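Notes follow once the structure below has been shown.
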Amino acid sequence: MTRPGRRSSEPGQAALQLTLPFFQPPPPPPPAGRSINLEGELIGYWLRRTKRRTIGFTIDERGLGVTIPRWVTKAETEAAIREKSRWITRQLARWREQSEQRSQLATRWEAGGRVRVFGTERVLALDEQARGVTLDGDRIVVGMSPEAGAERLRNRVHGWLQEQARAYFASRVPVFSARLGKAPQRWALSSARTRWGSCTRDGSIRLNWRLIHFRTDVIDYVIAHEIAHLRELNHSARFWATVSDLFPDFETVRAELRAASDTSAAD
Ligand SMILES: [Zn+2]
């Protein structure tokens, strides 16, 4: 489906592959820290000197980071932190809450453990008499002895989830390809830990089977996104216009995917 000569007409496209990342690998541990008493709580922070003229703040899993111009003193830094203290304590609380949610969302691989399939939470049930893996109401029934162990259970259920994902992708890739008027050369499942999908210059698309945890509209957005790259191998305004043609409500869904990305790599 790729037209010869297409590359040379688009010299600006240097990337061989474009990916849709989901979670960022944890940043390196902070450099030597300091701490400050904020609203009765001792808050640790790390410092980075910069050539910029303003003081900047970041909050992530490392806690509070402060970027300061080279000439700023410790007293000035602390004054700036105090001025921002409400925002800082609110953001730190939000991060703590999210990391708690992350640990709760990780599947327990045993009877009663929870797995989301197409956005709906299902409960794992082990039944030695059952065959294969089947959906029964809100249960995922796995034909396996309750003594089988977490790792075997996880492998079996992951295999089943991958089949579900493959079947869903197989039904949707042609739909979006038809809308675009161009199909991928091939598509495949991926199990990348850091991206939902990717598209290469030669028209190969990869879709992460872990998308199976999301509602179908979220999955559709990722498929539409990668299919749109068949026409625009970039993230330009023209690319987003193409995504919008394929999937008009993509902005809502994209925001949801971003918000959920941190918690979805847990299993
Ligand atoms: Zn992209």
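By convention in this document, the chains of the structure tokens carry letters A, B, ... by their order, each chain's residues are numbered from 1, and ligands are numbered from 1 in the order they are shown.
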
Using only C-alpha atoms and all ligand atoms, which protein or nucleic acid residues are at most 12 Å from ligand 1, as a PyMOL selection string?
-> chain A and resi 15+17-22+195-200+205-207+221-237+239-240+242-243+254

For range 130-144 of chain A, list every protein, DNA or RNA residue within 8 Å, evaluated using only C-alpha atoms, and leave out those in the same chain fewer than 6 positions away; present the list as a list in words.
->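 Listing them by chain and then by number gives Glu121, Arg122, Val123, Leu124, Leu153, Arg156, Val157 and Trp160 of chain A.
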
Those same residues - all heavy atoms - I'd like them written as an mmCIF file, in the first residue's frame.
data_model
loop_
_atom_site.group_PDB
_atom_site.id
_atom_site.type_symbol
_atom_site.label_atom_id
_atom_site.label_comp_id
_atom_site.auth_asym_id
_atom_site.auth_seq_id
_atom_site.Cartn_x
_atom_site.Cartn_y
_atom_site.Cartn_z
ATOM 1 N N GLU A 121 -14.438 -4.623 35.314
ATOM 2 C CA GLU A 121 -13.667 -5.458 36.210
ATOM 3 C C GLU A 121 -14.282 -6.856 36.324
ATOM 4 O O GLU A 121 -15.486 -6.989 36.516
ATOM 5 C CB GLU A 121 -13.614 -4.802 37.591
ATOM 6 C CG GLU A 121 -12.471 -5.316 38.418
ATOM 7 C CD GLU A 121 -12.251 -4.452 39.641
ATOM 8 O OE1 GLU A 121 -13.050 -4.552 40.587
ATOM 9 O OE2 GLU A 121 -11.290 -3.678 39.642
ATOM 10 N N ARG A 122 -13.451 -7.870 36.190
ATOM 11 C CA ARG A 122 -13.905 -9.266 36.302
ATOM 12 C C ARG A 122 -13.127 -9.931 37.429
ATOM 13 O O ARG A 122 -12.018 -9.515 37.767
ATOM 14 C CB ARG A 122 -13.624 -10.023 35.004
ATOM 15 C CG ARG A 122 -14.088 -9.331 33.759
ATOM 16 C CD ARG A 122 -15.571 -9.418 33.588
ATOM 17 N NE ARG A 122 -15.995 -8.847 32.306
ATOM 18 C CZ ARG A 122 -17.264 -8.789 31.928
ATOM 19 N NH1 ARG A 122 -18.224 -9.253 32.706
ATOM 20 N NH2 ARG A 122 -17.568 -8.266 30.764
ATOM 21 N N VAL A 123 -13.707 -10.986 37.952
ATOM 22 C CA VAL A 123 -13.092 -11.682 39.079
ATOM 23 C C VAL A 123 -12.573 -13.036 38.615
ATOM 24 O O VAL A 123 -13.264 -13.763 37.908
ATOM 25 C CB VAL A 123 -14.136 -11.875 40.208
ATOM 26 C CG1 VAL A 123 -13.494 -12.567 41.405
ATOM 27 C CG2 VAL A 123 -14.719 -10.535 40.616
ATOM 28 N N LEU A 124 -11.372 -13.373 39.015
ATOM 29 C CA LEU A 124 -10.790 -14.661 38.627
ATOM 30 C C LEU A 124 -11.412 -15.798 39.438
ATOM 31 O O LEU A 124 -11.537 -15.701 40.658
ATOM 32 C CB LEU A 124 -9.277 -14.653 38.868
ATOM 33 C CG LEU A 124 -8.448 -13.736 37.976
ATOM 34 C CD1 LEU A 124 -6.996 -13.710 38.469
ATOM 35 C CD2 LEU A 124 -8.509 -14.209 36.526
ATOM 36 N N LEU A 153 -1.179 -19.197 36.625
ATOM 37 C CA LEU A 153 -2.462 -18.534 36.429
ATOM 38 C C LEU A 153 -2.285 -17.256 35.592
ATOM 39 O O LEU A 153 -3.019 -17.006 34.644
ATOM 40 C CB LEU A 153 -3.094 -18.196 37.783
ATOM 41 C CG LEU A 153 -4.405 -17.416 37.733
ATOM 42 C CD1 LEU A 153 -5.471 -18.187 36.965
ATOM 43 C CD2 LEU A 153 -4.898 -17.098 39.153
ATOM 44 N N ARG A 156 -1.617 -18.090 31.957
ATOM 45 C CA ARG A 156 -2.813 -18.571 31.267
ATOM 46 C C ARG A 156 -3.754 -17.405 30.954
ATOM 47 O O ARG A 156 -4.257 -17.280 29.834
ATOM 48 C CB ARG A 156 -3.523 -19.612 32.142
ATOM 49 C CG ARG A 156 -4.764 -20.207 31.493
ATOM 50 C CD ARG A 156 -4.432 -21.265 30.469
ATOM 51 N NE ARG A 156 -4.027 -22.507 31.092
ATOM 52 C CZ ARG A 156 -4.891 -23.434 31.566
ATOM 53 N NH1 ARG A 156 -6.182 -23.245 31.458
ATOM 54 N NH2 ARG A 156 -4.442 -24.531 32.128
ATOM 55 N N VAL A 157 -3.978 -16.549 31.942
ATOM 56 C CA VAL A 157 -4.919 -15.438 31.742
ATOM 57 C C VAL A 157 -4.328 -14.420 30.752
ATOM 58 O O VAL A 157 -5.041 -13.905 29.890
ATOM 59 C CB VAL A 157 -5.294 -14.771 33.089
ATOM 60 C CG1 VAL A 157 -6.162 -13.545 32.864
ATOM 61 C CG2 VAL A 157 -6.020 -15.779 33.981
ATOM 62 N N TRP A 160 -4.970 -15.674 27.335
ATOM 63 C CA TRP A 160 -6.373 -15.472 26.966
ATOM 64 C C TRP A 160 -6.643 -13.994 26.621
ATOM 65 O O TRP A 160 -7.300 -13.682 25.629
ATOM 66 C CB TRP A 160 -7.265 -15.938 28.119
ATOM 67 C CG TRP A 160 -8.718 -15.749 27.879
ATOM 68 C CD1 TRP A 160 -9.530 -16.511 27.085
ATOM 69 C CD2 TRP A 160 -9.552 -14.725 28.436
ATOM 70 N NE1 TRP A 160 -10.816 -16.026 27.123
ATOM 71 C CE2 TRP A 160 -10.853 -14.932 27.936
ATOM 72 C CE3 TRP A 160 -9.321 -13.661 29.315
ATOM 73 C CZ2 TRP A 160 -11.928 -14.101 28.286
ATOM 74 C CZ3 TRP A 160 -10.382 -12.839 29.666
ATOM 75 C CH2 TRP A 160 -11.667 -13.059 29.149
#

Using backbone DSSP assignments, extract all strand (DSSP E or B) residues from range 15-261 of chain A; output them as a PyMOL selection string.
-> chain A and resi 17-21+33-38+41-50+56-60+63-69+114-117+120-126+133-136+139-142+186-190+195-200+204-208

Could you work out how far CA of Ala241 in chain A lies from CA of Asp202 in chain A, giving the answer in Å with one decimal?
->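 So the answer is 21.7 Å.
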
Option closest in space to Ile36 in chain A, from A:Thr54, A:Thr67, A:Asn155, A:Thr77 [counting only C-alpha atoms] |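 Closest candidate: A:Thr77.
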
Residue set, range 29-155 of chain A restricted to helix (DSSP H, G or I), as a ChimeraX atom specification | /A:74-83,85-105,150-155

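Counting from CA of Ala93 in chain A, the distance to CA of Gly63 in chain A is 10.2 Å.
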
Which residues are near Gly33 in chain A? Cut-off 10 Å, only C-alpha atoms, ignore same chain within fewer than 6 positions. Put them as a PDB file with N, CA and C atoms, in the first residue's frame.
ATOM      1  N   GLY A  44      11.014  16.864  51.897  1.00  0.00           N
ATOM      2  CA  GLY A  44      12.323  16.789  51.265  1.00  0.00           C
ATOM      3  C   GLY A  44      12.241  17.354  49.843  1.00  0.00           C
ATOM      4  N   TYR A  45      13.292  17.929  49.371  1.00  0.00           N
ATOM      5  CA  TYR A  45      13.304  18.359  47.974  1.00  0.00           C
ATOM      6  C   TYR A  45      14.719  18.235  47.417  1.00  0.00           C
ATOM      7  N   TRP A  46      14.797  18.167  46.113  1.00  0.00           N
ATOM      8  CA  TRP A  46      16.106  18.118  45.463  1.00  0.00           C
ATOM      9  C   TRP A  46      16.253  19.327  44.561  1.00  0.00           C
ATOM     10  N   LEU A  47      17.472  19.708  44.342  1.00  0.00           N
ATOM     11  CA  LEU A  47      17.769  20.970  43.659  1.00  0.00           C
ATOM     12  C   LEU A  47      18.485  20.744  42.351  1.00  0.00           C
ATOM     13  N   LEU A  64       9.476  16.529  45.540  1.00  0.00           N
ATOM     14  CA  LEU A  64       9.559  17.899  45.039  1.00  0.00           C
ATOM     15  C   LEU A  64      10.948  18.187  44.469  1.00  0.00           C
ATOM     16  N   GLY A  65      10.972  18.692  43.263  1.00  0.00           N
ATOM     17  CA  GLY A  65      12.224  19.136  42.658  1.00  0.00           C
ATOM     18  C   GLY A  65      12.159  20.636  42.415  1.00  0.00           C
TER      19      GLY A  65
END

Mind pulling up the distance from CA of His213 in chain A to CA of Arg114 in chain A?
-> 11.2 Å
